Amino acid sequence: MANGAFGGNKPAKTQRTPLQALLYWTTVLGVWGLIFVVTFFAVFARDLPDTSKLYDVTRQPSINYLDRSGALLAVRGSQYAPPVDIDALPEYVPAAFVAIEDRQFYHHFGFNPWGIARSLIWNLTHDGGPQRGGSTITQQLARNLFLSPAQNYKRKAQELILAVWLELKFSKKQILALYMNRVYFGAGAYGIEAASQRYFNKPAKDLTIGEAALLAGMMKGPARYSPVSASERAARRATVVLDEMVRLKAITPEQRDEAFKTPVQVSATLANQRAQYFTDYVDAQVRSLVGEPTEDLVVETTLDLPIQVAAERAVQLGVEGHLKQGVQQAALVAIDGEGRIRAYVGGEDYGQSQFDRATSARRQAGSAFKPFVYLTAMDQGRNPSVMVVDEPVKIGNWEPRNYTNTFLGPMTLQTALAQSINTVAARLANEVGTSNVAATARRLGITSKIQLDPSMALGAVEVSPLEMAQAYAPFANGGFLAKGYGIERIRTASGKVLYDHSVDKQPRPSVIGSPSLQYMNQMMRQVVSGGTGGRAKVAGYDIAGKTGTTSDYKDAWFVGYTGGFVAAVWTGKDDNTAMKRVSGGGPPAEIWKVFMSSALPRLKATPIPGGVVEVPPPTEDPIGDILGDGETPTADPGATPAPAGTPPAQTAPELPY
């Protein structure tokens with residue numbers, strides 16, 4: 001029987017030619033590739049985002065903060081600008097982005113397989129380090145338009161699908177234009193036009209090669225490569241961009257070298273980061289005044305930028321110059337006689353700490369609180385020439401001591417305030433009543449809780465620099481209340497006024513009468529001319545004020561004024577530990593003088609208003625002798641008495657600045 005009848009020996013297979021083999025495996029791979037693509041799209045395209053909202057822009061409205069002369073202080077929220085026509089830009093501007101972000105942009109179909117492969121290999125071999133994305137410009141656009149920044153494979157797959165869709169729908173020029181008009185450049189700026197305005201104060205069509213390279217370099221990380229906060233790193237990154245532009249023949253080596261020779265000037269507002277504490281302060285008030293913004297706003301503030309610059313410089317120099325004495329922080333608030341905040345510094349360096357010590361911190365006032373004690377005494381009939389005695393005193397179980405631990409004997413009230421004698425202030429507060437002293441402080445502008453223990457006379461009261469500035473303002477403006485404020489007007493970008501401080505403005509009451517005002521000004525002038533505040537003296541100006549030092553050296557103050565202008569300075573540590581014998585007449589007075597020396601010429605300051613009244617000849621304190629037994633007169637803590645010198649209500653004059 002033949003073997004073939006039962007299939008015993010099969011005929012040999014015909015060998016495929018190389019061409020047939022190529023066609024065969026191409027077909028097999030094509031089928032499997034098609035299966036993979038169909039499966040890929042079926043899995044990852046099911047919940048793709050809605051692409052019909054491609055041109056919708058969802059953002060928080062921006063708020064532009066202006067100083068009192070219209071200069072830009074800061075921008076909060078997002079800043080967008082009208083889309084820029086890519087054809088209106090110099091050719092090197094889009095070329096810079098292509099050179100550093102996607103060299104194969106004009107040759108791929110939305111994604112770069114080799115770039116993805118390189119990124120996968122890198123990420124698998126560098127566990128724990130920074131991961132590489134390998135995204136093209138089209139993929140980045142897809143992510144920015146439609147997806148979250150989440151780092152996972154599903155998001156990457158959807159990014160790839162959307163990138164292909166973008167390539168099918170738009171030309172390369174349109175994709176690049178969309179990318180450059182929507183990408184985030186840091187500092188609240190979205191798009192090339194907003195970024196150019198924010199960083200360089202110019203339209204994008206006027207960007208130089210160096211500026212274009214710097215902006216393109218930021219795409220790797222807007223915060224990490226910011227020309228404001230990381231200027232050296234940003235410059236190195238821009239150099240890489242310029243080299244890549246030369247390699248792609250987008251610019252010539254000569255153009256690159258010329259760019260190196262031309263320093264890039266970043267916007268002074270961003271570079272200096274002025275008034276950031278103040279911006280935080282007023283930013284928190286905007287919504288309470290006008291509600292949640294639904295469109296871009298412009299906030300006109302009371303701040304005076306040149307004076308603010310002087311204040312920040314004075315604080316920085318003061319802290320740096322006294323680090324060895326333990327001065328780690330300082331705050332400064334300056335207001336004019338109307339209550340307008342003209343300078344506001346909440347700390348030595350906003351970049352290091354955003355905690356605002358100008359209003360958020362409450363620290364003991366020390367002897368800077370004594371003027372409220374002396375004013376209460378003036379209201380009750382005393383005058384600067386009343387004789388008192390610096391000697392040991394006991395009030396209940398409390399025995400106050402002087403800063404020098406010595407006693408000087410008989411002196412006038414004027415000398416006692418000028419030399420900041422604790423025994424006299426303690427006795428005086430006890431005589432006039434601590435509740436009356438608290439009422440005086442509240443009448444002038446102190447809003448924090450005031451305890452009525454005898455130690456309050458020496459400043460055992462926690463206050464903020466803003467409170468102290470506004471409470472001293474009546475001494476400087478003729479005796480009228482001056483509550484500090486920072487916002488003059490809020491309007492929309494189109495000009496609609498939403499809030500105006502001057503509307504329904506109530507007349508400011510008089511809170512210091514005559515002759516108490518003149519007496520206090522005379523005494524506080526003496527603090528500067530011959531007392532503890534001598535370092536605050538500014539030649540040629542009528543200056544008055546008071547130092548403040550807590551007994552444990554945790555806080556030191558100087559609050560001083562001239563005609564219609566007050567500044568309060570505090571120094572200390574955030575952890576509330578002691579400095580090295582720092583007094584209010586030291587670093588705080590020095591900071592105050594440095595600041596005021598720059599501010600006063602700009603303000604065209606006038607003498608302290610109120611004039612001078614003749615002071616009676618020296619007399620004995622009519623009440624002081626009742627304290628010989630050490631008993632404390634009883635005061636009703638709940639009462640709010642009206643001292644004899646409380647002035648009648650008057651209307652404050654409008655001051656010229």
# chains A, B, ... in the order shown; residues from 1 in each chain; ligands from 1

call {"tool": "closest_atom_pairs", "arguments": {"of": "segment 264-322 of chain A", "to": "segment 568-571 of chain A", "cutoff": "12 Å", "atoms": "only C-alpha atoms", "output": "CSV"}}
result
residue,atom,partner,partner_atom,distance
A:Ala311,CA,A:Val569,CA,10.0
A:Glu312,CA,A:Val569,CA,11.7
A:Ala314,CA,A:Val569,CA,10.3
A:Val315,CA,A:Val569,CA,8.8
A:Gln316,CA,A:Thr571,CA,11.4
A:Gly318,CA,A:Thr571,CA,9.1
A:Val319,CA,A:Thr571,CA,8.2
A:Glu320,CA,A:Thr571,CA,11.9
A:His322,CA,A:Thr571,CA,10.1

call {"tool": "write_last_selection", "arguments": {"atoms": "all heavy atoms", "output": "PDB file, in the first residue's frame"}}
result
ATOM      1  N   ALA A 311      10.731 102.336  53.301  1.00  0.00           N
ATOM      2  CA  ALA A 311      10.398 101.579  54.508  1.00  0.00           C
ATOM      3  C   ALA A 311      10.996 100.180  54.469  1.00  0.00           C
ATOM      4  O   ALA A 311      11.568  99.702  55.456  1.00  0.00           O
ATOM      5  CB  ALA A 311       8.875 101.501  54.668  1.00  0.00           C
ATOM      6  N   GLU A 312      10.868  99.500  53.316  1.00  0.00           N
ATOM      7  CA  GLU A 312      11.416  98.145  53.204  1.00  0.00           C
ATOM      8  C   GLU A 312      12.937  98.160  53.345  1.00  0.00           C
ATOM      9  O   GLU A 312      13.520  97.278  53.973  1.00  0.00           O
ATOM     10  CB  GLU A 312      10.988  97.538  51.872  1.00  0.00           C
ATOM     11  CG  GLU A 312       9.491  97.274  51.792  1.00  0.00           C
ATOM     12  CD  GLU A 312       9.053  96.681  50.466  1.00  0.00           C
ATOM     13  OE1 GLU A 312       9.927  96.413  49.619  1.00  0.00           O
ATOM     14  OE2 GLU A 312       7.843  96.483  50.273  1.00  0.00           O
ATOM     15  N   ALA A 314      14.731 100.397  55.018  1.00  0.00           N
ATOM     16  CA  ALA A 314      15.069 100.707  56.407  1.00  0.00           C
ATOM     17  C   ALA A 314      14.929  99.480  57.299  1.00  0.00           C
ATOM     18  O   ALA A 314      15.782  99.217  58.159  1.00  0.00           O
ATOM     19  CB  ALA A 314      14.178 101.837  56.918  1.00  0.00           C
ATOM     20  N   VAL A 315      13.858  98.709  57.086  1.00  0.00           N
ATOM     21  CA  VAL A 315      13.647  97.494  57.883  1.00  0.00           C
ATOM     22  C   VAL A 315      14.742  96.473  57.608  1.00  0.00           C
ATOM     23  O   VAL A 315      15.313  95.879  58.541  1.00  0.00           O
ATOM     24  CB  VAL A 315      12.255  96.901  57.597  1.00  0.00           C
ATOM     25  CG1 VAL A 315      12.151  95.480  58.142  1.00  0.00           C
ATOM     26  CG2 VAL A 315      11.171  97.779  58.205  1.00  0.00           C
ATOM     27  N   GLN A 316      15.050  96.267  56.342  1.00  0.00           N
ATOM     28  CA  GLN A 316      16.081  95.284  56.002  1.00  0.00           C
ATOM     29  C   GLN A 316      17.434  95.674  56.578  1.00  0.00           C
ATOM     30  O   GLN A 316      18.131  94.849  57.187  1.00  0.00           O
ATOM     31  CB  GLN A 316      16.180  95.144  54.490  1.00  0.00           C
ATOM     32  CG  GLN A 316      17.150  94.054  54.040  1.00  0.00           C
ATOM     33  CD  GLN A 316      17.175  93.880  52.536  1.00  0.00           C
ATOM     34  OE1 GLN A 316      16.904  94.816  51.800  1.00  0.00           O
ATOM     35  NE2 GLN A 316      17.496  92.687  52.074  1.00  0.00           N
ATOM     36  N   GLY A 318      17.996  97.640  59.103  1.00  0.00           N
ATOM     37  CA  GLY A 318      17.933  97.603  60.561  1.00  0.00           C
ATOM     38  C   GLY A 318      18.090  96.210  61.129  1.00  0.00           C
ATOM     39  O   GLY A 318      18.796  96.006  62.122  1.00  0.00           O
ATOM     40  N   VAL A 319      17.434  95.238  60.499  1.00  0.00           N
ATOM     41  CA  VAL A 319      17.554  93.852  60.968  1.00  0.00           C
ATOM     42  C   VAL A 319      18.962  93.326  60.713  1.00  0.00           C
ATOM     43  O   VAL A 319      19.599  92.743  61.603  1.00  0.00           O
ATOM     44  CB  VAL A 319      16.497  92.954  60.304  1.00  0.00           C
ATOM     45  CG1 VAL A 319      16.746  91.487  60.646  1.00  0.00           C
ATOM     46  CG2 VAL A 319      15.093  93.367  60.741  1.00  0.00           C
ATOM     47  N   GLU A 320      19.461  93.524  59.495  1.00  0.00           N
ATOM     48  CA  GLU A 320      20.797  93.025  59.163  1.00  0.00           C
ATOM     49  C   GLU A 320      21.865  93.650  60.046  1.00  0.00           C
ATOM     50  O   GLU A 320      22.837  92.992  60.419  1.00  0.00           O
ATOM     51  CB  GLU A 320      21.105  93.307  57.694  1.00  0.00           C
ATOM     52  CG  GLU A 320      20.276  92.468  56.719  1.00  0.00           C
ATOM     53  CD  GLU A 320      20.556  92.823  55.270  1.00  0.00           C
ATOM     54  OE1 GLU A 320      21.285  93.818  55.037  1.00  0.00           O
ATOM     55  OE2 GLU A 320      20.054  92.115  54.373  1.00  0.00           O
ATOM     56  N   HIS A 322      21.640  94.557  63.128  1.00  0.00           N
ATOM     57  CA  HIS A 322      21.540  94.248  64.560  1.00  0.00           C
ATOM     58  C   HIS A 322      21.284  92.762  64.820  1.00  0.00           C
ATOM     59  O   HIS A 322      20.730  92.403  65.861  1.00  0.00           O
ATOM     60  CB  HIS A 322      20.446  95.099  65.202  1.00  0.00           C
ATOM     61  CG  HIS A 322      20.742  96.572  65.176  1.00  0.00           C
ATOM     62  ND1 HIS A 322      21.604  97.180  66.063  1.00  0.00           N
ATOM     63  CD2 HIS A 322      20.313  97.554  64.347  1.00  0.00           C
ATOM     64  CE1 HIS A 322      21.682  98.477  65.797  1.00  0.00           C
ATOM     65  NE2 HIS A 322      20.906  98.727  64.756  1.00  0.00           N
TER      66      HIS A 322
END

call {"tool": "residues_around", "arguments": {"residues": "Ala310 of chain A", "least_positions_apart": "3", "cutoff": "6 Å", "atoms": "only C-alpha atoms", "output": "MDAnalysis selection string"}}
result
chainID A and resid 307 313 595

call {"tool": "closest_atom_pairs", "arguments": {"of": "segment 549-584 of chain A", "to": "segment 598-619 of chain A", "cutoff": "12 Å", "atoms": "only C-alpha atoms", "output": "JSON lines"}}
result
{"residue": "A:Gly560", "atom": "CA", "partner": "A:Ile608", "partner_atom": "CA", "distance": 11.4}
{"residue": "A:Tyr561", "atom": "CA", "partner": "A:Ile608", "partner_atom": "CA", "distance": 8.1}
{"residue": "A:Thr562", "atom": "CA", "partner": "A:Ile608", "partner_atom": "CA", "distance": 5.3}
{"residue": "A:Gly563", "atom": "CA", "partner": "A:Ile608", "partner_atom": "CA", "distance": 3.7}
{"residue": "A:Gly564", "atom": "CA", "partner": "A:Ile608", "partner_atom": "CA", "distance": 6.9}
{"residue": "A:Phe565", "atom": "CA", "partner": "A:Ala605", "partner_atom": "CA", "distance": 7.8}
{"residue": "A:Val566", "atom": "CA", "partner": "A:Ile608", "partner_atom": "CA", "distance": 10.7}
{"residue": "A:Ala567", "atom": "CA", "partner": "A:Ala599", "partner_atom": "CA", "distance": 10.4}

call {"tool": "write_last_selection", "arguments": {"atoms": "N, CA and C atoms", "output": "mmCIF file, in the first residue's frame"}}
result
data_model
loop_
_atom_site.group_PDB
_atom_site.id
_atom_site.type_symbol
_atom_site.label_atom_id
_atom_site.label_comp_id
_atom_site.auth_asym_id
_atom_site.auth_seq_id
_atom_site.Cartn_x
_atom_site.Cartn_y
_atom_site.Cartn_z
ATOM 1 N N GLY A 560 6.842 107.367 66.295
ATOM 2 C CA GLY A 560 7.142 108.793 66.203
ATOM 3 C C GLY A 560 6.313 109.461 65.130
ATOM 4 N N TYR A 561 6.309 110.812 65.154
ATOM 5 C CA TYR A 561 5.468 111.539 64.206
ATOM 6 C C TYR A 561 6.004 112.946 63.974
ATOM 7 N N THR A 562 5.548 113.515 62.886
ATOM 8 C CA THR A 562 5.694 114.931 62.587
ATOM 9 C C THR A 562 4.320 115.419 62.174
ATOM 10 N N GLY A 563 4.235 116.603 61.570
ATOM 11 C CA GLY A 563 2.919 117.121 61.218
ATOM 12 C C GLY A 563 2.174 116.222 60.248
ATOM 13 N N GLY A 564 1.127 115.551 60.707
ATOM 14 C CA GLY A 564 0.268 114.754 59.847
ATOM 15 C C GLY A 564 0.849 113.459 59.333
ATOM 16 N N PHE A 565 1.871 112.931 59.986
ATOM 17 C CA PHE A 565 2.471 111.676 59.517
ATOM 18 C C PHE A 565 3.076 110.928 60.701
ATOM 19 N N VAL A 566 2.720 109.624 60.804
ATOM 20 C CA VAL A 566 3.135 108.785 61.931
ATOM 21 C C VAL A 566 3.745 107.503 61.402
ATOM 22 N N ALA A 567 4.776 107.008 62.079
ATOM 23 C CA ALA A 567 5.330 105.692 61.754
ATOM 24 C C ALA A 567 5.593 104.934 63.047
#

call {"tool": "residues_around", "arguments": {"residues": "segment 91-108 of chain A", "least_positions_apart": "2", "cutoff": "8 Å", "atoms": "only C-alpha atoms", "output": "MDAnalysis selection string"}}
result
chainID A and resid 86:87 89 110:112 136:137 172 176 180 207 209 212:213 216:217 219 240:242 244:245 248 250:251

call {"tool": "write_last_selection", "arguments": {"atoms": "C-alpha atoms", "output": "short mmCIF file (atom, residue, chain, number, x, y, z; two decimals), in the first residue's frame"}}
result
data_model
loop_
_atom_site.label_atom_id
_atom_site.label_comp_id
_atom_site.auth_asym_id
_atom_site.auth_seq_id
_atom_site.Cartn_x
_atom_site.Cartn_y
_atom_site.Cartn_z
CA ILE A 86 1.89 84.45 15.72
CA ASP A 87 2.65 86.15 12.40
CA LEU A 89 5.83 88.08 16.39
CA GLY A 110 1.34 64.88 17.44
CA PHE A 111 3.75 62.66 19.32
CA ASN A 112 7.36 61.59 19.04
CA THR A 136 5.64 67.27 22.27
CA ILE A 137 4.26 70.80 22.03
CA LYS A 172 1.17 73.38 12.79
CA LEU A 176 1.88 76.59 17.99
CA MET A 180 1.92 80.07 23.06
CA LEU A 207 10.47 90.91 22.62
CA ILE A 209 16.00 87.39 21.34
CA ALA A 212 12.22 85.24 24.07
CA ALA A 213 14.85 82.69 25.16
CA ALA A 216 10.86 79.77 26.44
CA GLY A 217 13.24 78.45 29.09
CA MET A 219 8.45 76.10 30.19
CA VAL A 240 20.70 76.56 26.66
CA VAL A 241 17.76 77.87 24.63
CA LEU A 242 20.00 80.24 22.66
CA GLU A 244 19.62 75.24 20.63
CA MET A 245 18.32 78.07 18.47
CA LEU A 248 18.53 74.68 14.53
CA ALA A 250 16.82 79.84 14.03
CA ILE A 251 19.39 82.53 14.85
#

call {"tool": "closest_residue", "arguments": {"among": "A:Leu73, A:Ala457, A:Val538, A:Ala330", "to": "Ala429 of chain A", "atoms": "only C-alpha atoms"}}
result
A:Ala457
